[in-house]
Amino acid sequence: MHDAVLAKLEFPAVLERLASRCRFGVAAERARELGPSGDPSQVAYLLEVTAEAVDLLTNFPDVSIGGARDIRALVARAAKGGRLMPPELLLVQDMVAAGRNLRRSFFRLPDVEERFPSLAEFVGHVAELPDIETDIGRTVGPRGDVLDTASDELARIRRAIRVAQSRLTDRLNGLLSGGRYASAIQDAIVTMRDGRYVIPVKAEARGQVPGVVHDTSASGQTLFIEPLDVVELNNRWREQQAAEAHEIERILDALSARIGAKAEPLATSVEAVAAVDLAMAKALLAFDLRATRPQLWDGKSTDANGHPTHRISLVRARHPLLDPATVVPTDIHLGESYRVLLITGPNTGGKTVALKTVGLLTLMAQAGLYLPAEDESVVSVFPAVFADIGDEQSIAQSLSTFSAHMRTVIGMLRHVTADSLVLLDELGAGTDPQEGSALARSLISALLDRGPLVIATTHYSEVKAYAYATPGVENASVEFDVQTLAPTYRLMIGVPGRSNALAIARRLGMPREIVEGASVYLDPDELRADQLLQDIRKRRDEADAAIERARESEREAQQLRRLAARQLREAQQERQTARAEALEQAETELAEVRDTLRRLQRDREVVAATREHVDQRRQEVDRAADTVRTFRRERIVRPTAPVGASEKPIRAGDRVVVASLAQEGEVVAVEDGFADVQLGTLKLRQPLDALERLGRAKVAQQERAIFKPPPAEPVPMEIDLRGNRASEVPEMLERYLEGAYRAGLPFVRIIHGKGTGALREVVRNHLHKHPVVAGHELAPPEQGGDGATIATIREQ
């Protein structure tokens with residue numbers, strides 16, 4: 001695809017919006033570099049990756065790449081022998097930890113390999129490097145300082161530094177507190193100059209304190225002198241400091257070398273995490289746009305005038321960059337019975353928007369993005385998309401509007417093939433109408449011969465008539481309400497548009513005699529054509545209204561049928577319940593009679609019962625038992641649908657009730673108003689009206705971007721936010737508090753560290769206004785003190 005075509009169709013703006021949904025800088029770079037693919041198998045794979053990400057974020061929103069850092073330049077420098085400084089080592093540690101957390105949380109998901117195979121492949125390339133993570137944690141503290149635990153030698157040197165410093169300061173304090181230099185001391189304090197400990201001495205008493213002068217005060221009244229008595233102690237202290245610096249450099253060089261040795265797995269981890277984050281960003285963009293997964297056309301056409309391999313069918317499509325609250329969805333179909341669609345209508349009526357919507361949604365699908373349209377929308381994969389949209393006149397190149405358009409079209413014709421999609425705005429505009437119309441018709445004929453799918457906009461009446469008379473070409477128009485002088489943005493395929501110039505002039509207040517005078521100059525055939533178009537629109541509106549009424553009646557009839565079937569099942573259930581209760585009662589009474597009979601047999605001599613009397617009673621009991629057994633055999637337990645079953649259209653993968661059999665089954669296919677239903681090992685074909693939808697059989701793949709509540713999972717009593725940026729904390733904290741509230745935790749501990757206090761302030765501000773937090777305070781000393789906050793969770 002040419003960059004100029006992508007720019008005309010505003011594809012970079014969509015990529016910028018995608019990049020804004022990325023949490024990882026490398027993923028944002030990849031998003032801005034994304035381009036449409038012309039390979040159908042690659043496009044199918046990209047859409048499958050997005051579908052997995054939609055499923056993942058819908059059902060497992062806690063999976064995250066939080067803390068990932070772009071360490072590519074650092075790793076490359078370490079691989080070349082460069083030294084990484086402590087803050088840079090912390091970035092490497094963050095990246096390794098983020099990859100570890102992503103890998104472990106992802107592979108703990110149920111059926112992850114079968115449910116998310118593409119994402120599992122990405123996550124599988126994330127390297128776990130516990131040695132690197134541990135070494136950095138032992139070497140560098142959260143503030144970027146090298147810890148004593150970095151090496152035994154460093155710990156020994158620092159102990160020696162503390163001893164030398166203590167001796168030095170004790171000696172200086174002894175000099176200040178003794179009376180030896182009391183008259184010469186300006187202030188009884190120990191300070192530092194040039195990295196050495198000194199004492200302030202009056203300038204006029206310089207000779208009383210032998211030593212080295214390191215500095216003077218601004219007024220010149222005070223000299224900062226290192227007494228000769230402490231020079232050796234100062235030297236020893238400085239030697240230990242130099243040894244410490246050399247040991248730190250050695251430690252950093254060794255750790256950087258270990259990181260450089262792992263440069264390849266670290267770089268691979270960065271790219272793998274970026275791939276996962278980009279897939280999640282595509283899913284988040286789908287949520288934003290209320291987008292769905294499009295179907296890819298299989299390349300089979302059934303009409304002689306249609307395209308043999310390509311098809312576009314967008315249902316309730318919306319331009320992704322327009323406000324979803326105000327944009328009017330449109331239906332656009334191309335390729336089934338015609339290859340060229342000519343859209344006519346007034347300016348500002350939505351022709352160009354419709355044109356751009358088709359082009360942009362096609363590019364989005366070929367980049368693996370969901371489309372803001374219904375899920376029955378179908379698109380093809382085009383190796384090349386050509387577009388001539390907008391006014392490209394150039395004063396510098398002495399190009400008029402017409403010349404600019406012609407130069408673009410001429411360049412386009414050199415490369416257009418039968419597998420191309422061509423979008424032309426204002427076909428033949430910018431020149432004499434008669435010549436422009438003739439050129440437009442000839443250009444369409446040439447494109448018909450070459451065989452691409454074409455959508456073009458025009459004003460010329462001759463082109464409209466040409467479309468009527470030419471197989472493979474279809475008219476379309478955008479509606480314009482003459483009463484309100486506003487476009488409706490409704491695209492009507494099969495009906496050409498009108499200019500409405502005289503009607504608009506009349507509504508705006510143009511004098512009547514001028515409008516009527518203009519009518520005299522119009523071609524009578526044109527007037528009759530306009531009247532015919534008006535009649536066509538009127539009849540079409542009436543037909544649409546009749547169809548809508550019929551659909552409404554059908555929906556009401558279906559609801560009544562479902563209600564009757566539900567009431568019948570409820571009655572059957574009540575009858576079965578009553579039969580079950582009667583059976584239970586009969587069995588109880590039968591047991592009592594049997595007990596009585598056994599007592600009679602046991603005590604017949606006592607009660608003077610005859611053997612014939614006992615046998616008679618036994619026969620009565622046997623007959624009652626036979627009746628109960630027969631009743632039990634006749635009892636039929638049938639499944640019932642829950643009251644308020646789903647009213648959504650029945651699709652493959654739904655669980656349904658077959659009303660005539662009162663049995664549950666799974667829909668395996670839907671076609672022409674009938675559904676194939678699997679009942680155990682039996683498959684049967686039933687009309688859709690005879691079925692009632694219970695819900696989805698299983699969550700295999702979420703085609704619509706709708707959030708669902710996450711499953712209940714154990715929530716820890718504390719969360720560690722150290723190492724994260726302040727901008728990342730609110731989102732992490734929001735998810736954690738929501739989980740803690742759902743889990744019913746009475747309180748939680750939030751570890752933010754002491755540091756500069758920035759994270760603590762962000763945490764306190766977020767807790768202060770959060771609805772589930774009843775109160776919060778700093779943790780007691782034994783639980784972290786200033787480095788942690790205890791938040792009390794409200795009772796549910």
# chains A, B, ... in the order shown; residues from 1 in each chain; ligands from 1

$ residues_around --residues "Thr417 (chain A)" --least-positions-apart "3" --cutoff "8 Å" --atoms "only C-alpha atoms" --output "short mmCIF file (atom, residue, chain, number, x, y, z; two decimals) with N, CA, C and O atoms, in the first residue's frame"
data_model
loop_
_atom_site.label_atom_id
_atom_site.label_comp_id
_atom_site.auth_asym_id
_atom_site.auth_seq_id
_atom_site.Cartn_x
_atom_site.Cartn_y
_atom_site.Cartn_z
N SER A 420 -7.64 -5.52 -7.07
CA SER A 420 -7.49 -4.22 -6.41
C SER A 420 -8.84 -3.68 -5.95
O SER A 420 -9.90 -4.09 -6.42
N ARG A 450 -10.84 -4.17 -16.48
CA ARG A 450 -9.72 -4.66 -15.67
C ARG A 450 -10.20 -5.50 -14.48
O ARG A 450 -9.44 -6.32 -13.97
N GLY A 451 -11.43 -5.27 -14.01
CA GLY A 451 -12.03 -6.16 -13.03
C GLY A 451 -11.89 -5.84 -11.56
O GLY A 451 -12.25 -6.69 -10.74
N PRO A 452 -11.38 -4.67 -11.11
CA PRO A 452 -11.31 -4.43 -9.66
C PRO A 452 -12.69 -4.07 -9.10
O PRO A 452 -13.64 -3.82 -9.85
#

$ residues_around --residues "region 712-726 of chain A" --least-positions-apart "5" --cutoff "9 Å" --atoms "only C-alpha atoms" --output "list of chain:residue names"
A:Gly66, A:Gly67, A:Leu90, A:Leu91, A:Asp94, A:Pro142, A:Met732, A:Leu733, A:Tyr736, A:Gly739, A:Ala740, A:Arg742, A:Ala743, A:Leu745, A:Phe747, A:Val748, A:Arg749, A:Ile750, A:Ile751, A:His752, A:Gly753, A:Ala758, A:Leu759, A:Val762, A:Val763, A:Ala788

$ write_last_selection --atoms "N, CA and C atoms" --output "mmCIF file, in the first residue's frame"
data_model
loop_
_atom_site.group_PDB
_atom_site.id
_atom_site.type_symbol
_atom_site.label_atom_id
_atom_site.label_comp_id
_atom_site.auth_asym_id
_atom_site.auth_seq_id
_atom_site.Cartn_x
_atom_site.Cartn_y
_atom_site.Cartn_z
ATOM 1 N N GLY A 66 2.524 -4.873 33.118
ATOM 2 C CA GLY A 66 2.937 -3.742 33.947
ATOM 3 C C GLY A 66 4.402 -3.812 34.344
ATOM 4 N N GLY A 67 5.097 -2.694 34.241
ATOM 5 C CA GLY A 67 6.499 -2.614 34.628
ATOM 6 C C GLY A 67 7.475 -2.855 33.506
ATOM 7 N N LEU A 90 18.262 -1.020 37.271
ATOM 8 C CA LEU A 90 16.892 -1.158 37.776
ATOM 9 C C LEU A 90 15.895 -1.285 36.636
ATOM 10 N N LEU A 91 16.146 -0.593 35.514
ATOM 11 C CA LEU A 91 15.265 -0.734 34.353
ATOM 12 C C LEU A 91 15.321 -2.158 33.809
ATOM 13 N N ASP A 94 13.327 -4.294 36.147
ATOM 14 C CA ASP A 94 11.887 -4.118 35.922
ATOM 15 C C ASP A 94 11.417 -4.928 34.720
ATOM 16 N N PRO A 142 16.365 0.262 45.820
ATOM 17 C CA PRO A 142 15.269 0.944 45.094
ATOM 18 C C PRO A 142 15.606 2.377 44.715
ATOM 19 N N MET A 732 -3.212 0.273 38.468
ATOM 20 C CA MET A 732 -2.910 -0.934 39.226
ATOM 21 C C MET A 732 -3.671 -0.952 40.547
ATOM 22 N N LEU A 733 -3.696 0.211 41.210
ATOM 23 C CA LEU A 733 -4.364 0.299 42.506
ATOM 24 C C LEU A 733 -5.870 0.119 42.356
ATOM 25 N N TYR A 736 -6.644 -3.560 42.028
ATOM 26 C CA TYR A 736 -6.401 -4.269 43.277
ATOM 27 C C TYR A 736 -7.498 -3.972 44.296
ATOM 28 N N GLY A 739 -10.667 -5.829 43.432
ATOM 29 C CA GLY A 739 -10.574 -7.235 43.790
ATOM 30 C C GLY A 739 -10.655 -7.460 45.283
ATOM 31 N N ALA A 740 -10.005 -6.562 46.068
ATOM 32 C CA ALA A 740 -10.053 -6.699 47.523
ATOM 33 C C ALA A 740 -11.472 -6.510 48.047
ATOM 34 N N ARG A 742 -14.282 -7.097 46.348
ATOM 35 C CA ARG A 742 -15.075 -8.272 45.982
ATOM 36 C C ARG A 742 -14.727 -9.468 46.847
ATOM 37 N N ALA A 743 -13.458 -9.582 47.235
ATOM 38 C CA ALA A 743 -13.037 -10.711 48.066
ATOM 39 C C ALA A 743 -13.436 -10.534 49.519
ATOM 40 N N LEU A 745 -12.066 -8.437 51.785
ATOM 41 C CA LEU A 745 -10.952 -8.196 52.698
ATOM 42 C C LEU A 745 -11.265 -7.013 53.615
ATOM 43 N N PHE A 747 -9.055 -5.136 55.316
ATOM 44 C CA PHE A 747 -8.063 -4.081 55.087
ATOM 45 C C PHE A 747 -6.959 -4.646 54.211
ATOM 46 N N VAL A 748 -6.159 -3.742 53.621
ATOM 47 C CA VAL A 748 -5.039 -4.148 52.782
ATOM 48 C C VAL A 748 -3.842 -3.264 53.094
ATOM 49 N N ARG A 749 -2.663 -3.784 52.747
ATOM 50 C CA ARG A 749 -1.427 -3.012 52.931
ATOM 51 C C ARG A 749 -0.845 -2.701 51.563
ATOM 52 N N ILE A 750 -0.585 -1.421 51.308
ATOM 53 C CA ILE A 750 -0.072 -0.958 50.019
ATOM 54 C C ILE A 750 1.360 -0.490 50.233
ATOM 55 N N ILE A 751 2.307 -1.191 49.629
ATOM 56 C CA ILE A 751 3.729 -0.882 49.800
ATOM 57 C C ILE A 751 4.146 0.054 48.677
ATOM 58 N N HIS A 752 4.557 1.273 49.034
ATOM 59 C CA HIS A 752 4.980 2.233 48.023
ATOM 60 C C HIS A 752 6.420 2.701 48.225
ATOM 61 N N GLY A 753 7.032 2.290 49.309
ATOM 62 C CA GLY A 753 8.399 2.701 49.571
ATOM 63 C C GLY A 753 8.479 4.137 50.073
ATOM 64 N N ALA A 758 6.873 10.425 46.032
ATOM 65 C CA ALA A 758 5.944 10.635 44.919
ATOM 66 C C ALA A 758 4.896 9.522 44.862
ATOM 67 N N LEU A 759 5.353 8.256 44.983
ATOM 68 C CA LEU A 759 4.394 7.154 44.945
ATOM 69 C C LEU A 759 3.438 7.224 46.137
ATOM 70 N N VAL A 762 0.727 9.744 45.410
ATOM 71 C CA VAL A 762 -0.255 9.250 44.436
ATOM 72 C C VAL A 762 -1.199 8.260 45.096
ATOM 73 N N VAL A 763 -0.640 7.359 45.920
ATOM 74 C CA VAL A 763 -1.476 6.366 46.605
ATOM 75 C C VAL A 763 -2.456 7.041 47.551
ATOM 76 N N ALA A 788 4.726 2.260 53.666
ATOM 77 C CA ALA A 788 3.508 1.504 53.355
ATOM 78 C C ALA A 788 2.301 2.228 53.943
#

$ residues_around --residues "region 490-494 of chain A" --least-positions-apart "3" --cutoff "8 Å" --atoms "only C-alpha atoms" --output "VMD selection string"
chain A and resid 328 to 332 474 to 479

$ write_last_selection --atoms "N, CA, C and O atoms" --output "compact mmCIF listing (two decimals), in the first residue's frame"
# COMPACT_ATOMS: atom_id res chain seq x y z
N VAL A 328 -23.79 8.26 11.79
CA VAL A 328 -24.93 7.47 11.32
C VAL A 328 -24.38 6.18 10.68
O VAL A 328 -23.64 6.25 9.70
N PRO A 329 -24.74 5.01 11.21
CA PRO A 329 -24.26 3.76 10.59
C PRO A 329 -24.79 3.62 9.17
O PRO A 329 -25.89 4.08 8.85
N THR A 330 -24.03 2.96 8.33
CA THR A 330 -24.44 2.78 6.94
C THR A 330 -24.16 1.36 6.50
O THR A 330 -23.25 0.70 7.01
N ASP A 331 -24.97 0.87 5.55
CA ASP A 331 -24.78 -0.45 4.96
C ASP A 331 -24.22 -0.28 3.56
O ASP A 331 -24.79 0.46 2.75
N ILE A 332 -23.13 -0.96 3.26
CA ILE A 332 -22.50 -0.87 1.94
C ILE A 332 -22.19 -2.28 1.47
O ILE A 332 -21.53 -3.04 2.18
N GLU A 474 -23.76 -0.21 -10.35
CA GLU A 474 -24.97 0.07 -9.58
C GLU A 474 -24.93 1.50 -9.04
O GLU A 474 -23.87 2.00 -8.67
N ASN A 475 -26.10 2.14 -9.04
CA ASN A 475 -26.24 3.47 -8.47
C ASN A 475 -26.46 3.39 -6.96
O ASN A 475 -27.00 2.41 -6.44
N ALA A 476 -26.08 4.45 -6.29
CA ALA A 476 -26.39 4.62 -4.87
C ALA A 476 -26.45 6.12 -4.60
O ALA A 476 -25.93 6.93 -5.39
N SER A 477 -27.06 6.51 -3.51
CA SER A 477 -27.17 7.93 -3.20
C SER A 477 -27.24 8.12 -1.70
O SER A 477 -27.57 7.19 -0.95
N VAL A 478 -26.90 9.33 -1.28
CA VAL A 478 -27.06 9.71 0.12
C VAL A 478 -28.26 10.64 0.21
O VAL A 478 -28.40 11.57 -0.58
N GLU A 479 -29.12 10.37 1.17
CA GLU A 479 -30.36 11.14 1.30
C GLU A 479 -30.08 12.56 1.75
O GLU A 479 -29.12 12.84 2.49

$ select_by_dssp --residues "region 70-301 of chain A" --states "helix (DSSP H, G or I)" --output "PyMOL selection string"
chain A and resi 72-79+86-107+112-115+117-124+130-139+148-150+152-177+203-208+228-261+263-289

$ atom_distance --atom1 "CA of Asp786 (chain A)" --atom2 "CA of Val729 (chain A)"
17.4 Å
